[in-house]
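Data file: model.txt. Format and content: compact mmCIF, C-alpha atoms.
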# COMPACT_ATOMS: atom_id res chain seq x y z
CA LEU A 196 96.81 105.39 101.05
CA SER A 197 95.14 103.02 98.62
CA PHE A 198 95.43 99.26 99.15
CA GLN A 199 95.46 96.66 96.37
CA ARG A 200 94.81 92.91 96.20
CA MET A 201 97.30 90.45 97.68
CA SER A 202 100.16 89.70 95.35
CA THR A 203 103.74 88.47 95.18
CA GLY A 204 106.32 90.00 92.90
CA SER A 205 109.97 89.34 92.12
CA TYR A 206 112.62 91.44 90.43
CA GLU A 207 116.16 90.97 89.11
CA CYS A 208 118.43 93.69 87.78
CA LEU A 209 119.82 93.55 84.22
CA CYS A 210 122.99 91.66 85.22
CA LYS A 211 120.98 89.40 87.58
CA LYS A 212 123.32 90.04 90.54
CA VAL A 213 120.61 91.72 92.66
CA GLY A 214 117.13 90.35 93.26
CA TYR A 215 114.23 90.86 95.62
CA GLU A 216 110.70 89.72 96.35
CA VAL A 217 107.69 91.63 97.64
CA SER A 218 104.49 90.12 99.00
CA GLY A 219 101.15 91.10 100.43
CA GLU A 220 99.13 94.24 99.99
CA PRO A 221 101.17 97.22 98.82
CA ALA A 222 100.77 100.49 100.73
CA MET A 223 100.36 102.31 97.40
CA SER A 224 100.69 101.91 93.64
CA CYS A 225 101.02 105.05 91.56
CA TYR A 226 102.41 107.06 88.70
CA CYS A 227 104.97 109.45 90.21
CA HIS A 228 105.59 112.74 88.39
CA CYS A 229 108.20 114.15 90.81
CA ASN A 230 111.34 115.88 89.59
CA HIS A 231 113.53 112.97 90.74
CA CYS A 232 111.60 110.41 88.69
CA GLN A 233 111.87 112.72 85.68
CA ILE A 234 115.65 113.10 86.16
CA TYR A 235 116.03 109.32 86.40
CA GLY A 236 114.39 108.91 83.01
CA ALA A 237 110.64 108.88 83.26
CA ASP A 238 107.91 111.35 82.46
CA ALA A 239 106.01 109.46 85.17
CA ALA A 240 107.40 106.41 86.93
CA LYS A 241 105.11 103.43 87.66
CA LEU A 242 105.81 102.66 91.30
CA ILE A 243 104.63 100.31 93.99
CA VAL A 244 105.29 100.91 97.70
CA PHE A 245 105.73 98.24 100.39
CA PRO A 246 106.46 98.23 104.14
CA PRO A 247 109.88 96.74 105.01
CA ASP A 248 108.41 93.49 106.37
CA GLN A 249 106.97 92.74 102.90
CA PHE A 250 110.30 93.23 101.08
CA LYS A 251 113.26 90.83 101.08
CA TYR A 252 116.42 90.51 99.07
CA THR A 253 116.86 87.17 97.34
CA LYS A 254 120.44 87.91 96.29
CA GLY A 255 123.09 90.57 95.89
CA GLU A 256 122.50 92.90 98.83
CA SER A 257 126.28 93.50 98.92
CA GLU A 258 126.13 94.55 95.22
CA LEU A 259 124.20 97.75 95.94
CA ILE A 260 125.13 101.42 95.79
CA LYS A 261 123.24 103.45 98.40
CA TYR A 262 122.76 107.12 97.55
CA GLU A 263 121.03 109.66 99.81
CA HIS A 264 119.42 111.97 97.25
CA THR A 265 117.32 113.93 99.76
CA PRO A 266 117.62 113.88 103.57
CA ASN A 267 116.81 110.37 104.84
CA LYS A 268 115.59 109.18 101.40
CA PHE A 269 117.87 106.61 99.82
CA ARG A 270 118.10 105.33 96.26
CA TYR A 271 119.63 101.88 95.69
CA THR A 272 121.17 100.80 92.38
CA CYS A 273 123.19 97.80 91.23
CA LYS A 274 126.89 98.67 91.25
CA THR A 275 127.55 96.45 88.21
CA CYS A 276 124.77 97.30 85.71
CA GLY A 277 123.35 100.51 87.23
CA SER A 278 119.76 99.24 87.36
CA PHE A 279 117.39 101.04 89.73
CA ILE A 280 116.60 98.59 92.54
CA HIS A 281 114.41 100.61 94.94
CA ASN A 282 114.18 103.70 97.15
CA VAL A 283 113.67 103.78 100.89
CA LEU A 284 111.61 106.72 102.15
CA PRO A 285 112.21 108.48 105.49
CA ASN A 286 109.25 106.54 106.96
CA GLY A 287 110.93 103.22 105.99
CA LEU A 288 108.67 102.30 103.06
CA TYR A 289 110.29 100.64 100.04
CA VAL A 290 109.50 102.22 96.66
CA CYS A 291 109.92 99.75 93.79
CA GLY A 292 109.38 100.10 90.06
CA ILE A 293 106.53 98.09 88.60
CA GLY A 294 108.35 97.70 85.26
CA GLY A 295 110.40 94.53 85.14
CA MET A 296 108.66 93.00 88.14
CA LYS A 297 107.17 89.54 87.66
CA PHE A 298 103.94 88.93 89.58
CA THR A 299 102.15 85.75 90.54
CA GLY A 300 98.50 86.41 89.91
CA LYS A 301 97.46 89.74 88.42
CA THR A 302 99.95 92.53 87.81
CA ILE A 303 99.38 95.46 90.13
CA GLN A 304 98.55 98.65 88.26
CA PRO A 305 98.80 102.25 89.50
CA THR A 306 95.69 103.59 91.22
CA MET A 307 96.66 107.28 91.39
CA HIS A 308 99.09 109.98 90.28
CA ILE A 309 101.38 111.68 92.81
CA PHE A 310 103.34 114.93 92.46
CA TYR A 311 101.04 115.70 89.54
CA ALA A 312 101.79 119.42 89.90
CA GLU A 313 105.34 118.64 88.65
CA ARG A 314 104.17 116.72 85.56
CA THR A 315 105.61 117.41 82.13
CA THR A 316 102.53 116.12 80.28
CA ASP A 317 98.89 115.73 81.22
CA SER A 318 97.49 112.26 81.87
CA LYS A 319 94.15 111.48 80.28
CA ASP A 320 92.85 108.89 82.72
CA ASP A 321 90.33 108.96 85.53
CA LEU A 322 92.79 108.15 88.32
CA PRO A 323 93.00 110.55 91.28
CA LYS A 324 95.72 113.19 90.85
CA HIS A 325 97.56 114.47 93.93
CA ASP A 326 99.95 117.45 93.93
CA GLY A 327 102.17 115.66 96.50
CA TRP A 328 101.80 112.59 98.69
CA PRO A 329 98.16 111.57 99.16
CA ALA A 330 96.59 112.40 102.52

If you took the structure in this file and wrote it as structure tokens, what would it be?
Amino acid sequence: LSFQRMSTGSYECLCKKVGYEVSGEPAMSCYCHCNHCQIYGADAAKLIVFPPDQFKYTKGESELIKYEHTPNKFRYTCKTCGSFIHNVLPNGLYVCGIGGMKFTGKTIQPTMHIFYAERTTDSKDDLPKHDGWPA
């Protein structure tokens, strides 16, 4: 997995009932081309991945809908406005969208493509392209 510079980010959903902060070095930042990201509205989702000890809710944890969309992989959304909040992978990592996140310091940008074999369009950049999770 690729590590980025230290950063702190915060996020609030559209209705502002749910919020969280992330800090430290992310485990990964990527464009995800998987079928689930496409179903949820993106040709490729810009994602950032953090271990659980670098993620904390700032408000609204009781305002979440938890949906298990594949075995042991959970998607969390706001029950009021429907905003995507994050996913939790079977290994416990938190997958957060980069869009809408406010960073102190530089914004973290994707460093790779994952599930590129499932893409709907080709990407014309020089980032590494993985057919699944990177090794």

task = Pick out the closest residue to A:His264 from this set: A:Gly277, A:Gly214, A:Gly219, A:Pro285. Count all atoms listed in the file.
result = A:Pro285

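One finds atom CA of A:Trp328 at 12.2 Å from atom CA of A:Glu313.
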
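With only C-alpha atoms as the atoms that count, the residue of A:Ile243, A:Tyr226, A:Gly295, A:His231 with the shortest distance to A:Pro323 is A:Tyr226.
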
request  = Tell me, as a ChimeraX atom specification, which residues lie within 6 Å of A:Cys273, counting all atoms listed in the file; anything in the same chain fewer than 5 positions away does not count.
outcome  = /A:258-259,278

query = If we count only C-alpha atoms, what is near A:Val283 at a cut-off of 6 Å, once residues fewer than 3 positions away on the same chain are taken out, given as a PyMOL selection string?
reply = chain A and resi 268-269+287-289

Please dump the current selection as a short mmCIF file (atom, residue, chain, number, x, y, z; two decimals), in the frame of the given file; keep C-alpha atoms.
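As written to disk, selection-v5.cif reads:
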data_model
loop_
_atom_site.label_atom_id
_atom_site.label_comp_id
_atom_site.auth_asym_id
_atom_site.auth_seq_id
_atom_site.Cartn_x
_atom_site.Cartn_y
_atom_site.Cartn_z
CA LYS A 268 115.59 109.18 101.40
CA PHE A 269 117.87 106.61 99.82
CA GLY A 287 110.93 103.22 105.99
CA LEU A 288 108.67 102.30 103.06
CA TYR A 289 110.29 100.64 100.04
#

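Atom CA of A:Ser257 sits 23.7 Å away from atom CA of A:Leu242.
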
key: Of the listed residues A:Phe298, A:Ala330, A:Tyr271, A:Ser318, that which approaches A:His228 most closely, counting only C-alpha atoms   = A:Ser318

remark   = Between A:Ile260, A:Ile309, A:Cys276, A:Cys208, smallest distance to A:Cys227 by all atoms listed in the file belongs to A:Ile309

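Atom CA of A:Tyr206 lies 15.8 Å from atom CA of A:Pro247.
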
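Closest approach to A:Ile293 among A:Ala237, A:Val244, A:Met307, A:Leu209: A:Val244, based on only C-alpha atoms.
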
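With distances restricted to all atoms listed in the file, A:Gly255 is the closest residue to A:Thr275 from A:Tyr215, A:Gly255, A:Ser205, A:Tyr235.
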
request  = Using only C-alpha atoms, determine which residues lie at most 12 Å from A:Cys225, disregarding the query and same-chain residues fewer than 5 positions distant; provide the list as a PyMOL selection string.
outcome  = chain A and resi 196-199+239-244+290-293+303-311+322-325+327-329

Restricting the output to C-alpha atoms, write the selected residues as a CSV table (one decimal), keeping the file's coordinate frame.
chain,number,residue,atom,x,y,z
A,196,LEU,CA,96.8,105.4,101.0
A,197,SER,CA,95.1,103.0,98.6
A,198,PHE,CA,95.4,99.3,99.2
A,199,GLN,CA,95.5,96.7,96.4
A,239,ALA,CA,106.0,109.5,85.2
A,240,ALA,CA,107.4,106.4,86.9
A,241,LYS,CA,105.1,103.4,87.7
A,242,LEU,CA,105.8,102.7,91.3
A,243,ILE,CA,104.6,100.3,94.0
A,244,VAL,CA,105.3,100.9,97.7
A,290,VAL,CA,109.5,102.2,96.7
A,291,CYS,CA,109.9,99.8,93.8
A,292,GLY,CA,109.4,100.1,90.1
A,293,ILE,CA,106.5,98.1,88.6
A,303,ILE,CA,99.4,95.5,90.1
A,304,GLN,CA,98.6,98.6,88.3
A,305,PRO,CA,98.8,102.2,89.5
A,306,THR,CA,95.7,103.6,91.2
A,307,MET,CA,96.7,107.3,91.4
A,308,HIS,CA,99.1,110.0,90.3
A,309,ILE,CA,101.4,111.7,92.8
A,310,PHE,CA,103.3,114.9,92.5
A,311,TYR,CA,101.0,115.7,89.5
A,322,LEU,CA,92.8,108.2,88.3
A,323,PRO,CA,93.0,110.6,91.3
A,324,LYS,CA,95.7,113.2,90.8
A,325,HIS,CA,97.6,114.5,93.9
A,327,GLY,CA,102.2,115.7,96.5
A,328,TRP,CA,101.8,112.6,98.7
A,329,PRO,CA,98.2,111.6,99.2
